[in-house]
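Asker: I have a structure here, written as structure tokens, and I will follow up with some questions on it.
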Amino acid sequence: VIWGVIHGCGLVINHGWNKIADAHRLRLPNPIAWALTLVFVVLAWVPFRADNFSSAVTMWKSLLGLYGLAPGDTMTATQLTTAAIFTSGLLAVALFAPNTQELLSYPRVIVAALRQPTRFVPSLRWAVAAGVAFGIAVSFIITQRPTEFLYFRF
Amino acid sequence: MKSLFAWRYYVALFIVCAAVGVLIGSVGLMTIDNLKCRSTGYDNEHFLAYCRSQQYADYEHGALFYGLEPSVIDNIRRAEVLFVGNSKVQAGFSSNAVRDYFNAINIPFFVLGFGYGDESTFTQALLKKWPMSPKVLVINADPFFSEKLSPPGRDAIDGKPAFLWRLLLKSLFQRVHRAVCLVASDVCPQSEPSIFRSARDGQWNWIGPYTDEKAVLIDGPPQLTISQEELATAQKLGENFLDQIGLDRRCVVLTGAPNSVLDSTGIATALAASLRTSSIFPAVDGLSTLDTVHLNLASAERWSGQFVRAMGPILQKCISASLPSHDGMAGIATAK
């Protein structure tokens, strides 16, 4: 419920801001808009994961640095480095890689600037690529153990 | 029509590639999950029987039950001397002393014990699946004859599709694991205790913190034994087991691998008397175990060395009687 309320409030703020911005011809630069949205979403997901409201408050305080900014004893330097590498890599994928609609709209996946989009057609290359990718995805589903929290999968 | 054909062709190819993808993905995940297993024991003869990893754990039950490792079933069926029992028989008879003795007299043998405490129920199922005709059967009878069946043993006998699928993955994983750790040793931490098993003679090669650095001295007689009721059950099951094998009882040798917990010698002595079999109990002082139960490498060498030397008369009687011109018979008296 809290998660829904927070997201609802976020949408209200977003729509309100759009109206104000349109009326006054204001526009936030993209990096600032992305950063604000990202921080909001990260904070808003906390109650979804937390066991109860008090642990959500504890997590929020931790995220805001109220218990200090240094990583806890449980995180090693290697884990921090690994997390930074993965986050950077996934950020790059999110910002620069084509999404699934683009993948299906263009004959060559990397060249997003192609001017003449074509529809997907059955071909040897598509069958192999899609089949193997589908199979690997299925193997992940059948091999992995159930996780405690569904959204850890995303 | 052309479009319909193209779609059919596409779907067929997609399904084949998806199946390949499932296999690639599953083996890949199993490799990532089990990189911590040891890889130093692989060679053309040894496979990874066990790794202390939740995603790998036991492989040998299924591998031997379904004959997944090259020539392992042929080697079991070819063996003239079979050692059966639980992990104590594996620890006790996986020694150079045993290998050197039988190689010297040219008699094929196989150490056919299993971990997870499996005893006669699984062995009997294996004997039923792959009929064997050993000429001498050595049983670590403390009591061995029981209705116990471990979870991996049950899974192997049941042979459900999920178990068989994981078994196939474990088999394929070993090939990938061996290659990956050869090419990029840095990604293989070699941290989990593992047991490799010889497909030629069934001996275990324990790698990891199980091995000879541990030595718990066996001092004083063991405290535990089995109840009269359990002994009576073992006798009944033993009669049934030995009748099925159909071997001359004098060619069945009962023993009890020394340990600090269970009076294996006392139990095996009682069973040998009631089942009218032979028995061998080498008297060796100063033996040690890894964990109060399994003989360590040094002690296994000493104890099993004396054991096989004491088998000479039985081998001569049981193997030469069935095959008078056996090449190795002349060497039995001199083999050390």
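Residue numbering restarts at 1 for every chain of the structure tokens, chains are lettered A, B, ... in their displayed order, and ligands are numbered from 1 as they appear.
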From a backbone DSSP assignment, name each residue in stretch 5-170 of chain B labelled alpha helix (DSSP H), as a ChimeraX atom specification.
Answerer: /B:5-33,60-65,72-78,87-93,96-104,120-129,151-158,161-170
Asker: Under the rule of at most 8 Å, produce a per-residue listing of chain B near chain A: chain, number, name, the closest pair of atoms, and the distance in Å, as a Markdown table, using only C-alpha atoms.
Answerer:
```
| residue | atom | partner | partner_atom | distance |
| --- | --- | --- | --- | --- |
| B:Ala6 | CA | A:Pro122 | CA | 6.6 |
| B:Trp7 | CA | A:Pro122 | CA | 6.3 |
| B:Tyr10 | CA | A:Ala127 | CA | 5.7 |
| B:Val11 | CA | A:Ala127 | CA | 7.4 |
| B:Leu13 | CA | A:Ala127 | CA | 5.9 |
| B:Phe14 | CA | A:Gly131 | CA | 4.4 |
| B:Ile15 | CA | A:Gly131 | CA | 6.4 |
| B:Val16 | CA | A:Gly131 | CA | 7.4 |
| B:Cys17 | CA | A:Gly131 | CA | 4.7 |
| B:Ala18 | CA | A:Gly135 | CA | 4.0 |
| B:Ala19 | CA | A:Gly135 | CA | 5.9 |
| B:Val20 | CA | A:Val132 | CA | 6.5 |
| B:Gly21 | CA | A:Gly135 | CA | 4.0 |
| B:Val22 | CA | A:Gly135 | CA | 4.2 |
| B:Leu23 | CA | A:Ser139 | CA | 7.3 |
| B:Ile24 | CA | A:Ile136 | CA | 6.8 |
| B:Gly25 | CA | A:Ile136 | CA | 4.5 |
| B:Ser26 | CA | A:Ser139 | CA | 5.2 |
| B:Leu29 | CA | A:Phe140 | CA | 7.6 |
```
Asker: Write out as a PyMOL selection string all residues of stretch 64-296 of chain B that DSSP puts in strand (DSSP E or B) for this structure's backbone.
Answerer: chain B and resi 81-84+109-111+136-140+192+194-198+204-207+216-217+224+252-255+262+278-279+288-289+295
Asker: Could you check the closest approach to B:Phe307 for each of B:Ser320, B:Gln55, B:Ser95, B:Thr292 and tell me which residue wins, using only C-alpha atoms?
Answerer: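 Smallest distance to B:Phe307 is found for B:Ser95.
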Asker: List as an MDAnalysis selection string the protein and nucleic acid residues near B:Asp58, meaning an atom at most 9 Å away when only C-alpha atoms are counted, but skip any in the same chain fewer than 6 places from it.
Answerer: chainID B and resid 48:52 115:116 152
Asker: Find the spatial neighbours of stretch 196-211 of chain B, counting only C-alpha atoms, within a cut-off of 7 Å - ignore same-chain residues fewer than 6 positions away - and output them as a short mmCIF file (atom, residue, chain, number, x, y, z; two decimals) with N, CA and C atoms, in the first residue's frame.
Answerer:
```cif
data_model
loop_
_atom_site.label_atom_id
_atom_site.label_comp_id
_atom_site.auth_asym_id
_atom_site.auth_seq_id
_atom_site.Cartn_x
_atom_site.Cartn_y
_atom_site.Cartn_z
N GLY B 41 41.91 -33.56 -9.79
CA GLY B 41 41.86 -35.02 -9.81
C GLY B 41 41.42 -35.62 -11.14
N GLU B 45 40.95 -41.41 -16.43
CA GLU B 45 40.37 -42.52 -15.68
C GLU B 45 39.42 -42.03 -14.58
N HIS B 46 39.66 -40.83 -14.05
CA HIS B 46 38.92 -40.38 -12.87
C HIS B 46 37.83 -39.37 -13.22
N PHE B 47 36.68 -39.54 -12.57
CA PHE B 47 35.59 -38.57 -12.72
C PHE B 47 35.26 -37.99 -11.34
N LEU B 48 34.55 -36.87 -11.35
CA LEU B 48 34.21 -36.19 -10.09
C LEU B 48 32.99 -36.88 -9.45
N ALA B 49 33.28 -37.73 -8.47
CA ALA B 49 32.21 -38.52 -7.85
C ALA B 49 31.38 -37.67 -6.90
N TYR B 50 32.04 -36.70 -6.24
CA TYR B 50 31.34 -35.89 -5.24
C TYR B 50 32.06 -34.55 -5.11
N GLU B 69 29.99 -43.07 -17.16
CA GLU B 69 31.41 -42.85 -17.39
C GLU B 69 31.96 -43.96 -18.29
N VAL B 72 32.98 -47.85 -17.38
CA VAL B 72 32.89 -48.18 -15.94
C VAL B 72 32.10 -49.47 -15.73
N ASN B 75 34.17 -52.43 -16.61
CA ASN B 75 35.18 -52.71 -15.59
C ASN B 75 34.58 -53.39 -14.36
N GLN B 90 35.20 -47.61 0.86
CA GLN B 90 35.90 -46.76 -0.10
C GLN B 90 37.17 -46.19 0.51
N SER B 94 40.73 -47.86 -0.91
CA SER B 94 41.25 -46.98 -1.96
C SER B 94 42.72 -46.70 -1.64
N PHE B 109 39.90 -55.96 -10.23
CA PHE B 109 39.08 -55.75 -9.03
C PHE B 109 38.33 -54.43 -9.17
N PHE B 110 37.31 -54.26 -8.35
CA PHE B 110 36.58 -52.99 -8.35
C PHE B 110 36.08 -52.71 -6.94
N VAL B 111 36.36 -51.50 -6.46
CA VAL B 111 35.87 -51.09 -5.14
C VAL B 111 34.51 -50.42 -5.37
N LEU B 112 33.46 -51.14 -5.03
CA LEU B 112 32.10 -50.72 -5.41
C LEU B 112 31.28 -50.24 -4.20
N LEU B 290 40.20 -40.29 9.57
CA LEU B 290 40.08 -38.86 9.24
C LEU B 290 39.13 -38.16 10.21
N ASN B 296 42.29 -42.99 7.44
CA ASN B 296 43.00 -42.01 6.61
C ASN B 296 43.93 -42.74 5.63
N LEU B 297 44.54 -41.98 4.75
CA LEU B 297 45.28 -42.62 3.66
C LEU B 297 46.39 -43.53 4.17
#
```
Asker: Would you work out the distance separating atom CA of B:Phe114 from atom CA of B:Tyr101, expressed in Å to one decimal?
Answerer: 22.4 Å
Asker: Given the choices A:Thr37, A:Val46, A:Glu102, A:Pro29, which gets closest to A:Lys61 if the distance is worked out from only C-alpha atoms?
Answerer: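 Using only C-alpha atoms, the shortest distance to A:Lys61 belongs to A:Val46.
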Asker: Near stretch 156-173 of chain B, counting only C-alpha atoms, which residues have an atom at most 9 Å away, once you skip same-chain residues fewer than 6 positions from it, shown as a ChimeraX atom specification?
Answerer: /B:23,26-28,30-31,34,47-48,56,59,61-63,65-66,68-69,122,125-126
Asker: Need to verify the contact set: stretch 9-24 of chain A, 12 Å, only C-alpha atoms, exclusion of same-chain residues closer than 4 positions in sequence. Can you return it as a ChimeraX atom specification?
Answerer: /A:2-5,28,33,36-41,43-44
